[in-house]
Amino acid sequence: AVQNPSCPTVAGSEPLSIERPAPGVAVVRLQREAKRNALDVSLMDALTAVAHGLADEPGLKAVVLTGGPSMFSAGVDVSVFDGVSAALDVVALRRAIAPGQRMIEAWGRMPQLTIAAVEGGAVGGGLGLALACDWRVFAQDAWACVPEVKLGLTYGWGLLPRLSALVGPAKAKWMATLCRPMAAPSCSSGVWWSRWRRRVRRWPVRWRWRKRWP
């Protein structure tokens, strides 16, 4: 991995790296695979700093954001909420979610073309990060999930509005309410509609068969 001189160097455990596969292209890779690339404060701050640094880089045309082969990101690390008491300290909660909001805004405002290359799962806040990019490219065996309702959490970072704008309100509600993983081939509205439509076409046949043979 080659660090970009114009970007702040990530100290400590190096939660991400920057690669230069071609002129005008940067690949930002999450490197917390032992934690399934969960977004803790250090990784979110690093992603924010790198986004600001790359945004000001002359000659940079595209930025690819990716994770590991088994997990793009498992979402927000539970350690982010360690400072939030069970009594619901609103101020502490706002402080806890602020790093993620800054990260999403930084990636959403980058002037370059941003592409989230997703392998494995994009879960919760990890999916929110992918949605902040201009394009998303999912591997055939990749999947997305928004489990916040099952975990008793609220949706943040503009995840639901972005998800609804991309896949439609009906599918966004299905994902958010049932909290079930959705495979990459089903993440396009065309596949969703064609499956639903094929099932509907069978209903009159079954109904006629039952009416004839009770």
# chains A, B, ... in the order shown; residues from 1 in each chain; ligands from 1
call {"tool": "closest_atom_pairs", "arguments": {"of": "region 74-182 of chain A", "to": "region 38-52 of chain A", "cutoff": "7 Å", "atoms": "only C-alpha atoms", "output": "Markdown table"}}
result
| residue | atom | partner | partner_atom | distance |
| --- | --- | --- | --- | --- |
| A:Ala74 | CA | A:Ala38 | CA | 4.9 |
| A:Gly75 | CA | A:Ala38 | CA | 5.2 |
| A:Val76 | CA | A:Leu39 | CA | 4.6 |
| A:Asp77 | CA | A:Asp40 | CA | 5.0 |
| A:Ser79 | CA | A:Asp40 | CA | 6.7 |
| A:Val80 | CA | A:Asp40 | CA | 6.0 |
| A:Pro99 | CA | A:Met44 | CA | 6.2 |
| A:Gly100 | CA | A:Met44 | CA | 6.0 |
| A:Arg102 | CA | A:Thr48 | CA | 6.6 |
| A:Met103 | CA | A:Thr48 | CA | 4.6 |
| A:Ala106 | CA | A:Thr48 | CA | 5.8 |
| A:Trp107 | CA | A:Ala51 | CA | 5.9 |
| A:Met110 | CA | A:Ala51 | CA | 6.9 |
call {"tool": "write_last_selection", "arguments": {"atoms": "N, CA and C atoms", "output": "PDB file, in the first residue's frame"}}
result
ATOM      1  N   ALA A  74     -18.867  -4.585   9.045  1.00  0.00           N
ATOM      2  CA  ALA A  74     -19.917  -5.129   9.893  1.00  0.00           C
ATOM      3  C   ALA A  74     -20.711  -4.037  10.594  1.00  0.00           C
ATOM      4  N   GLY A  75     -20.481  -2.787  10.244  1.00  0.00           N
ATOM      5  CA  GLY A  75     -21.235  -1.698  10.839  1.00  0.00           C
ATOM      6  C   GLY A  75     -20.493  -1.059  11.994  1.00  0.00           C
ATOM      7  N   VAL A  76     -21.219  -0.337  12.810  1.00  0.00           N
ATOM      8  CA  VAL A  76     -20.613   0.400  13.910  1.00  0.00           C
ATOM      9  C   VAL A  76     -20.135  -0.558  14.994  1.00  0.00           C
ATOM     10  N   ASP A  77     -18.907  -0.343  15.443  1.00  0.00           N
ATOM     11  CA  ASP A  77     -18.361  -1.127  16.547  1.00  0.00           C
ATOM     12  C   ASP A  77     -19.120  -0.760  17.828  1.00  0.00           C
ATOM     13  N   SER A  79     -18.138  -0.583  20.686  1.00  0.00           N
ATOM     14  CA  SER A  79     -17.333   0.244  21.589  1.00  0.00           C
ATOM     15  C   SER A  79     -17.646   1.726  21.442  1.00  0.00           C
ATOM     16  N   VAL A  80     -18.245   2.109  20.306  1.00  0.00           N
ATOM     17  CA  VAL A  80     -18.602   3.509  20.090  1.00  0.00           C
ATOM     18  C   VAL A  80     -19.593   3.990  21.144  1.00  0.00           C
ATOM     19  N   PRO A  99     -18.854  11.149  15.105  1.00  0.00           N
ATOM     20  CA  PRO A  99     -17.784  10.741  14.184  1.00  0.00           C
ATOM     21  C   PRO A  99     -18.312  10.062  12.922  1.00  0.00           C
ATOM     22  N   GLY A 100     -19.350   9.249  13.063  1.00  0.00           N
ATOM     23  CA  GLY A 100     -19.928   8.593  11.897  1.00  0.00           C
ATOM     24  C   GLY A 100     -20.602   9.576  10.966  1.00  0.00           C
ATOM     25  N   ARG A 102     -19.814  12.737  10.579  1.00  0.00           N
ATOM     26  CA  ARG A 102     -18.742  13.475   9.878  1.00  0.00           C
ATOM     27  C   ARG A 102     -18.150  12.626   8.765  1.00  0.00           C
ATOM     28  N   MET A 103     -17.973  11.336   9.016  1.00  0.00           N
ATOM     29  CA  MET A 103     -17.422  10.432   7.999  1.00  0.00           C
ATOM     30  C   MET A 103     -18.337  10.355   6.783  1.00  0.00           C
ATOM     31  N   ALA A 106     -18.260  13.609   4.811  1.00  0.00           N
ATOM     32  CA  ALA A 106     -17.000  13.797   4.090  1.00  0.00           C
ATOM     33  C   ALA A 106     -16.976  12.984   2.805  1.00  0.00           C
ATOM     34  N   TRP A 107     -17.433  11.716   2.855  1.00  0.00           N
ATOM     35  CA  TRP A 107     -17.442  10.880   1.655  1.00  0.00           C
ATOM     36  C   TRP A 107     -18.534  11.307   0.682  1.00  0.00           C
ATOM     37  N   MET A 110     -17.243  14.408  -1.520  1.00  0.00           N
ATOM     38  CA  MET A 110     -16.009  14.356  -2.310  1.00  0.00           C
ATOM     39  C   MET A 110     -16.294  14.715  -3.765  1.00  0.00           C
TER      40      MET A 110
END
call {"tool": "atom_distance", "arguments": {"atom1": "CA of Lys61 (chain A)", "atom2": "CA of Ile18 (chain A)"}}
result
14.7 Å
call {"tool": "atom_distance", "arguments": {"atom1": "CA of Ile104 (chain A)", "atom2": "CA of Glu57 (chain A)"}}
result
19.1 Å
call {"tool": "select_by_dssp", "arguments": {"residues": "region 28-87 of chain A", "states": "strand (DSSP E or B)", "output": "list in words"}}
result
Val28, Arg29, Leu30, Leu39, Ala62, Val63, Val64, Leu65, Thr66, Met71, Phe72, Ser73 and Val76 of chain A
call {"tool": "atom_distance", "arguments": {"atom1": "CA of Val137 (chain A)", "atom2": "CA of Asn37 (chain A)"}}
result
17.8 Å
call {"tool": "residues_around", "arguments": {"residues": "Pro58 (chain A)", "least_positions_apart": "2", "cutoff": "12 Å", "atoms": "only C-alpha atoms", "output": "PDB file with N, CA, C and O atoms, in the first residue's frame"}}
result
ATOM      1  N   ASN A   4      -0.743   8.299   0.491  1.00  0.00           N
ATOM      2  CA  ASN A   4      -0.810   9.552  -0.241  1.00  0.00           C
ATOM      3  C   ASN A   4      -0.173  10.649   0.601  1.00  0.00           C
ATOM      4  O   ASN A   4      -0.607  10.910   1.720  1.00  0.00           O
ATOM      5  N   SER A   6      -0.444  13.753   0.534  1.00  0.00           N
ATOM      6  CA  SER A   6      -1.340  14.858   0.848  1.00  0.00           C
ATOM      7  C   SER A   6      -2.378  14.500   1.888  1.00  0.00           C
ATOM      8  O   SER A   6      -3.089  15.354   2.382  1.00  0.00           O
ATOM      9  N   PRO A  23      -2.848   5.986 -12.492  1.00  0.00           N
ATOM     10  CA  PRO A  23      -2.869   7.444 -12.350  1.00  0.00           C
ATOM     11  C   PRO A  23      -4.297   7.964 -12.210  1.00  0.00           C
ATOM     12  O   PRO A  23      -5.192   7.564 -12.948  1.00  0.00           O
ATOM     13  N   GLY A  24      -4.498   8.848 -11.256  1.00  0.00           N
ATOM     14  CA  GLY A  24      -5.811   9.444 -11.047  1.00  0.00           C
ATOM     15  C   GLY A  24      -6.787   8.583 -10.274  1.00  0.00           C
ATOM     16  O   GLY A  24      -7.951   8.956 -10.123  1.00  0.00           O
ATOM     17  N   VAL A  25      -6.319   7.428  -9.770  1.00  0.00           N
ATOM     18  CA  VAL A  25      -7.200   6.505  -9.045  1.00  0.00           C
ATOM     19  C   VAL A  25      -6.571   6.163  -7.699  1.00  0.00           C
ATOM     20  O   VAL A  25      -5.384   5.850  -7.620  1.00  0.00           O
ATOM     21  N   GLY A  53      -8.475  14.728   2.712  1.00  0.00           N
ATOM     22  CA  GLY A  53      -7.193  14.845   2.025  1.00  0.00           C
ATOM     23  C   GLY A  53      -7.284  14.526   0.546  1.00  0.00           C
ATOM     24  O   GLY A  53      -6.744  15.237  -0.294  1.00  0.00           O
ATOM     25  N   LEU A  54      -8.006  13.452   0.207  1.00  0.00           N
ATOM     26  CA  LEU A  54      -8.147  13.081  -1.200  1.00  0.00           C
ATOM     27  C   LEU A  54      -9.004  14.082  -1.967  1.00  0.00           C
ATOM     28  O   LEU A  54      -8.788  14.312  -3.160  1.00  0.00           O
ATOM     29  N   ALA A  55      -9.961  14.682  -1.301  1.00  0.00           N
ATOM     30  CA  ALA A  55     -10.833  15.652  -1.980  1.00  0.00           C
ATOM     31  C   ALA A  55     -10.053  16.837  -2.510  1.00  0.00           C
ATOM     32  O   ALA A  55     -10.418  17.414  -3.547  1.00  0.00           O
ATOM     33  N   ASP A  56      -8.972  17.199  -1.849  1.00  0.00           N
ATOM     34  CA  ASP A  56      -8.176  18.363  -2.253  1.00  0.00           C
ATOM     35  C   ASP A  56      -6.999  17.989  -3.140  1.00  0.00           C
ATOM     36  O   ASP A  56      -6.185  18.856  -3.471  1.00  0.00           O
ATOM     37  N   LEU A  60      -6.679  13.758  -9.066  1.00  0.00           N
ATOM     38  CA  LEU A  60      -7.363  12.543  -8.644  1.00  0.00           C
ATOM     39  C   LEU A  60      -8.776  12.536  -9.219  1.00  0.00           C
ATOM     40  O   LEU A  60      -9.543  13.478  -9.019  1.00  0.00           O
ATOM     41  N   LYS A  61      -9.122  11.473  -9.936  1.00  0.00           N
ATOM     42  CA  LYS A  61     -10.411  11.399 -10.631  1.00  0.00           C
ATOM     43  C   LYS A  61     -11.413  10.469  -9.946  1.00  0.00           C
ATOM     44  O   LYS A  61     -12.612  10.702  -9.996  1.00  0.00           O
ATOM     45  N   ALA A  62     -10.922   9.384  -9.353  1.00  0.00           N
ATOM     46  CA  ALA A  62     -11.822   8.385  -8.780  1.00  0.00           C
ATOM     47  C   ALA A  62     -11.223   7.799  -7.520  1.00  0.00           C
ATOM     48  O   ALA A  62      -9.996   7.628  -7.415  1.00  0.00           O
ATOM     49  N   PRO A 111     -15.465  15.556  -4.382  1.00  0.00           N
ATOM     50  CA  PRO A 111     -15.711  15.947  -5.776  1.00  0.00           C
ATOM     51  C   PRO A 111     -15.374  14.856  -6.788  1.00  0.00           C
ATOM     52  O   PRO A 111     -15.864  14.884  -7.915  1.00  0.00           O
ATOM     53  N   GLN A 112     -14.537  13.897  -6.386  1.00  0.00           N
ATOM     54  CA  GLN A 112     -14.199  12.800  -7.288  1.00  0.00           C
ATOM     55  C   GLN A 112     -15.342  11.783  -7.345  1.00  0.00           C
ATOM     56  O   GLN A 112     -16.229  11.773  -6.488  1.00  0.00           O
TER      57      GLN A 112
END
call {"tool": "select_by_dssp", "arguments": {"residues": "region 8-53 of chain A", "states": "alpha helix (DSSP H)", "output": "list in words"}}
result
Val41, Ser42, Leu43, Met44, Asp45, Ala46, Leu47, Thr48, Ala49, Val50, Ala51, His52 and Gly53 of chain A
call {"tool": "write_last_selection", "arguments": {"atoms": "N, CA and C atoms", "output": "CSV table (one decimal), in the first residue's frame"}}
result
chain,number,residue,atom,x,y,z
A,41,VAL,N,-14.2,4.4,16.5
A,41,VAL,CA,-14.0,5.9,16.4
A,41,VAL,C,-12.7,6.1,15.6
A,42,SER,N,-11.7,5.3,15.8
A,42,SER,CA,-10.4,5.5,15.1
A,42,SER,C,-10.5,5.3,13.6
A,43,LEU,N,-11.3,4.3,13.2
A,43,LEU,CA,-11.5,4.0,11.8
A,43,LEU,C,-12.3,5.1,11.1
A,44,MET,N,-13.4,5.6,11.8
A,44,MET,CA,-14.2,6.6,11.3
A,44,MET,C,-13.5,7.9,11.2
A,45,ASP,N,-12.7,8.3,12.2
A,45,ASP,CA,-11.9,9.5,12.1
A,45,ASP,C,-10.8,9.4,10.9
A,46,ALA,N,-10.2,8.2,10.8
A,46,ALA,CA,-9.3,8.0,9.7
A,46,ALA,C,-10.0,8.1,8.3
A,47,LEU,N,-11.2,7.6,8.2
A,47,LEU,CA,-11.9,7.7,6.9
A,47,LEU,C,-12.3,9.1,6.6
A,48,THR,N,-12.6,9.9,7.7
A,48,THR,CA,-12.9,11.3,7.5
A,48,THR,C,-11.7,12.1,7.0
A,49,ALA,N,-10.6,11.8,7.7
A,49,ALA,CA,-9.4,12.6,7.4
A,49,ALA,C,-8.9,12.2,5.9
A,50,VAL,N,-9.0,11.0,5.6
A,50,VAL,CA,-8.5,10.6,4.2
A,50,VAL,C,-9.5,11.2,3.2
A,51,ALA,N,-10.8,11.2,3.4
A,51,ALA,CA,-11.7,11.8,2.5
A,51,ALA,C,-11.4,13.3,2.2
A,52,HIS,N,-11.1,14.0,3.3
A,52,HIS,CA,-10.8,15.4,3.2
A,52,HIS,C,-9.5,15.6,2.4
A,53,GLY,N,-8.5,14.7,2.7
A,53,GLY,CA,-7.2,14.8,2.0
A,53,GLY,C,-7.3,14.5,0.5
call {"tool": "closest_residue", "arguments": {"among": "A:Leu129, A:Arg109, A:Gln101, A:Ala183", "to": "Leu30 (chain A)", "atoms": "only C-alpha atoms"}}
result
A:Leu129
call {"tool": "closest_residue", "arguments": {"among": "A:Val167, A:Ala132, A:Thr177, A:Val118", "to": "Val146 (chain A)", "atoms": "only C-alpha atoms"}}
result
A:Thr177
